[in-house]
Number of protein chains: 2
Amino acid sequence: MQDQLSLTFSALADPTRRAILARLAHGEASVSELTEPFAITMPAISRHLKVLEAAGLVTRGRNAQYRPVMLDAAPLKGVASWVEYYRRFWDQSFDRMDVYLAELQKGNPDDRKQ
Amino acid sequence: MQDQLSLTFSALADPTRRAILARLAHGEASVSELTEPFAITMPAISRHLKVLEAAGLVTRGRNAQYRPVMLDAAPLKGVASWVEYYRRFWDQSFDRMDVYLAELQKGNPDDRKQ
DNA sequence: GCTGTATTTCACAATAATGTTAAATAACTG
DNA sequence: CAGTTATTTAACATTATTGTGAAATACAGC
């Protein structure tokens with residue numbers, strides 16, 4: 001595991017970590033708050049956070065004895081563009097392929113970004 | 001690792017497996033053909049294929065002594081819709097948030113599918 | 001049936017991932 | 001500074017992952 005994309009996919013491969021990200025979508029949280037919904041101990045969550053941080057998916061702050069965790073979705077751009085390449089393979093109707101390409105051509109610039 | 005999404009992300013976390021998928025985007029291939037570009041042995045590739053198959057990302061056929069491998073991108077729908085939820089967090093311009101939501105509201109139905 | 005080609009399974013080794021409990025560190029609070 | 005709260009690190013156990021070489025299986029063709 002070395003490249004950014006592998007690091008990202010690997011971090012996302014765990015349901016606990018995805019749940020943490022989902023929680024952080026509602027705003028930053030402390031480690032205790034993130035631990036609360038799960039049946040595992042705080043050190044385990046702490047290590048999940050380390051994995052997420054290494055993947056660049058969260059950043060940490062400091063607020064007194066708290067270490068607030070915030071979402072950083074930037075690495076997901078890479079995932080989105082990786083998966084976008086394969087969209088044509090699950091759009092079952094080949095007739096829509098040209099529509100899709102046209103969409104991509106003139107559409108929302110964000111779709112192509114990165 | 002149990003749920004489909006974890007299975008999919010986990011399968012995608014390896015660069016060799018992603019390279020295999022990229023190769024299969026050009027059409028089905030035999031195990032030998034898939035092994036050729038890599039510095040690892042065929043048994044190793046065979047196991048990567050097993051991982052991809054368990055994730056539903058490839059299907060296998062039989063053609064004489066060959067076991068052709070084909071791409072099945074269906075599980076990537078789940079990845080696309082999972083990541084789509086987080087798009088708003090990497091679209092740096094908050095001004096575009098309403099545009100994005102409007103897009104989602106009226107836009108291509110495929111964007112919301114699954 | 002024997003031989004060659006393609007692929008998988010076996011037995012094994014090395015390393016990574018995930019969780020636990022106990023101890024250490026950081027910072028607030030009186 | 002002593003005590004309390006929040007979090008991380010250490011030491012360890014368990015299980016997964018990934019790779020190897022050797023043997024087994026599947027099929028084709030003579």
# chains A, B, ... in the order shown; residues from 1 in each chain; ligands from 1

call {"tool": "interface_residues", "arguments": {"of": "chain A", "to": "chain C", "cutoff": "10 Å", "atoms": "only C-alpha atoms (C1' of nucleotides)", "output": "list in words"}}
result
Ile40, Thr41, Pro43, Ala44, Arg47, His48, Asn63, Ala64, Gln65 and Tyr66 of chain A

call {"tool": "write_last_selection", "arguments": {"atoms": "C-alpha atoms", "output": "short mmCIF file (atom, residue, chain, number, x, y, z; two decimals), in the first residue's frame"}}
result
data_model
loop_
_atom_site.label_atom_id
_atom_site.label_comp_id
_atom_site.auth_asym_id
_atom_site.auth_seq_id
_atom_site.Cartn_x
_atom_site.Cartn_y
_atom_site.Cartn_z
CA ILE A 40 -14.92 -1.27 20.49
CA THR A 41 -12.55 0.55 22.80
CA PRO A 43 -7.64 2.90 21.48
CA ALA A 44 -9.16 0.96 18.58
CA ARG A 47 -6.04 3.69 15.49
CA HIS A 48 -8.85 3.90 12.95
CA ASN A 63 -9.00 22.09 21.89
CA ALA A 64 -7.91 21.77 25.52
CA GLN A 65 -7.58 18.03 26.18
CA TYR A 66 -9.72 17.23 23.18
#

call {"tool": "interface_residues", "arguments": {"of": "chain B", "to": "chain A", "cutoff": "6 Å", "atoms": "only C-alpha atoms", "output": "ChimeraX atom specification"}}
result
/B:6,9-10,13-14,73-74,89-90

call {"tool": "write_last_selection", "arguments": {"atoms": "C-alpha atoms", "output": "JSON list (two decimals), in the first residue's frame"}}
result
[["chain", "number", "residue", "atom", "x", "y", "z"],
["B", 6, "SER", "CA", -16.30, -3.17, 2.35],
["B", 9, "PHE", "CA", -13.33, -1.15, -1.38],
["B", 10, "SER", "CA", -11.04, -3.85, -0.08],
["B", 13, "ALA", "CA", -7.30, -1.20, -2.40],
["B", 14, "ASP", "CA", -4.64, -3.16, -4.29],
["B", 73, "ALA", "CA", -18.58, -3.14, -12.95],
["B", 74, "ALA", "CA", -21.93, -3.46, -11.16],
["B", 89, "PHE", "CA", -17.35, 18.42, 0.89],
["B", 90, "TRP", "CA", -14.75, 18.73, -1.80]]

call {"tool": "interface_residues", "arguments": {"of": "chain D", "to": "chain B", "cutoff": "10 Å", "atoms": "only C-alpha atoms (C1' of nucleotides)", "output": "PDB file with C-alpha atoms (C1' of nucleotides), in the first residue's frame"}}
result
ATOM      1  C1'  DT D  18       0.014 -11.567  -0.065  1.00  0.00           C
ATOM      2  C1'  DG D  19       3.533 -13.997  -2.077  1.00  0.00           C
ATOM      3  C1'  DT D  20       6.292 -18.475  -3.244  1.00  0.00           C
ATOM      4  C1'  DG D  21       7.320 -23.202  -5.238  1.00  0.00           C
ATOM      5  C1'  DA D  26      -8.958 -29.578 -16.518  1.00  0.00           C
ATOM      6  C1'  DC D  27      -9.060 -29.828 -21.100  1.00  0.00           C
ATOM      7  C1'  DA D  28      -7.116 -30.588 -26.068  1.00  0.00           C
TER       8       DA D  28
END

call {"tool": "residues_around", "arguments": {"residues": "Ile20 in chain B", "least_positions_apart": "6", "cutoff": "12 Å", "atoms": "only C-alpha atoms (C1' of nucleotides)", "output": "ChimeraX atom specification"}}
result
/B:11-12,14,26-38,45-46,48-49,51-53,57-58,69-71

call {"tool": "select_by_dssp", "arguments": {"residues": "range 15-93 of chain A", "states": "helix (DSSP H, G or I)", "output": "VMD selection string"}}
result
chain A and resid 15 to 24 31 to 35 42 to 54 75 to 84 87 to 90

call {"tool": "atom_distance", "arguments": {"atom1": "C1' of DA13 in chain D", "atom2": "CA of Arg17 in chain A"}}
result
22.6 Å
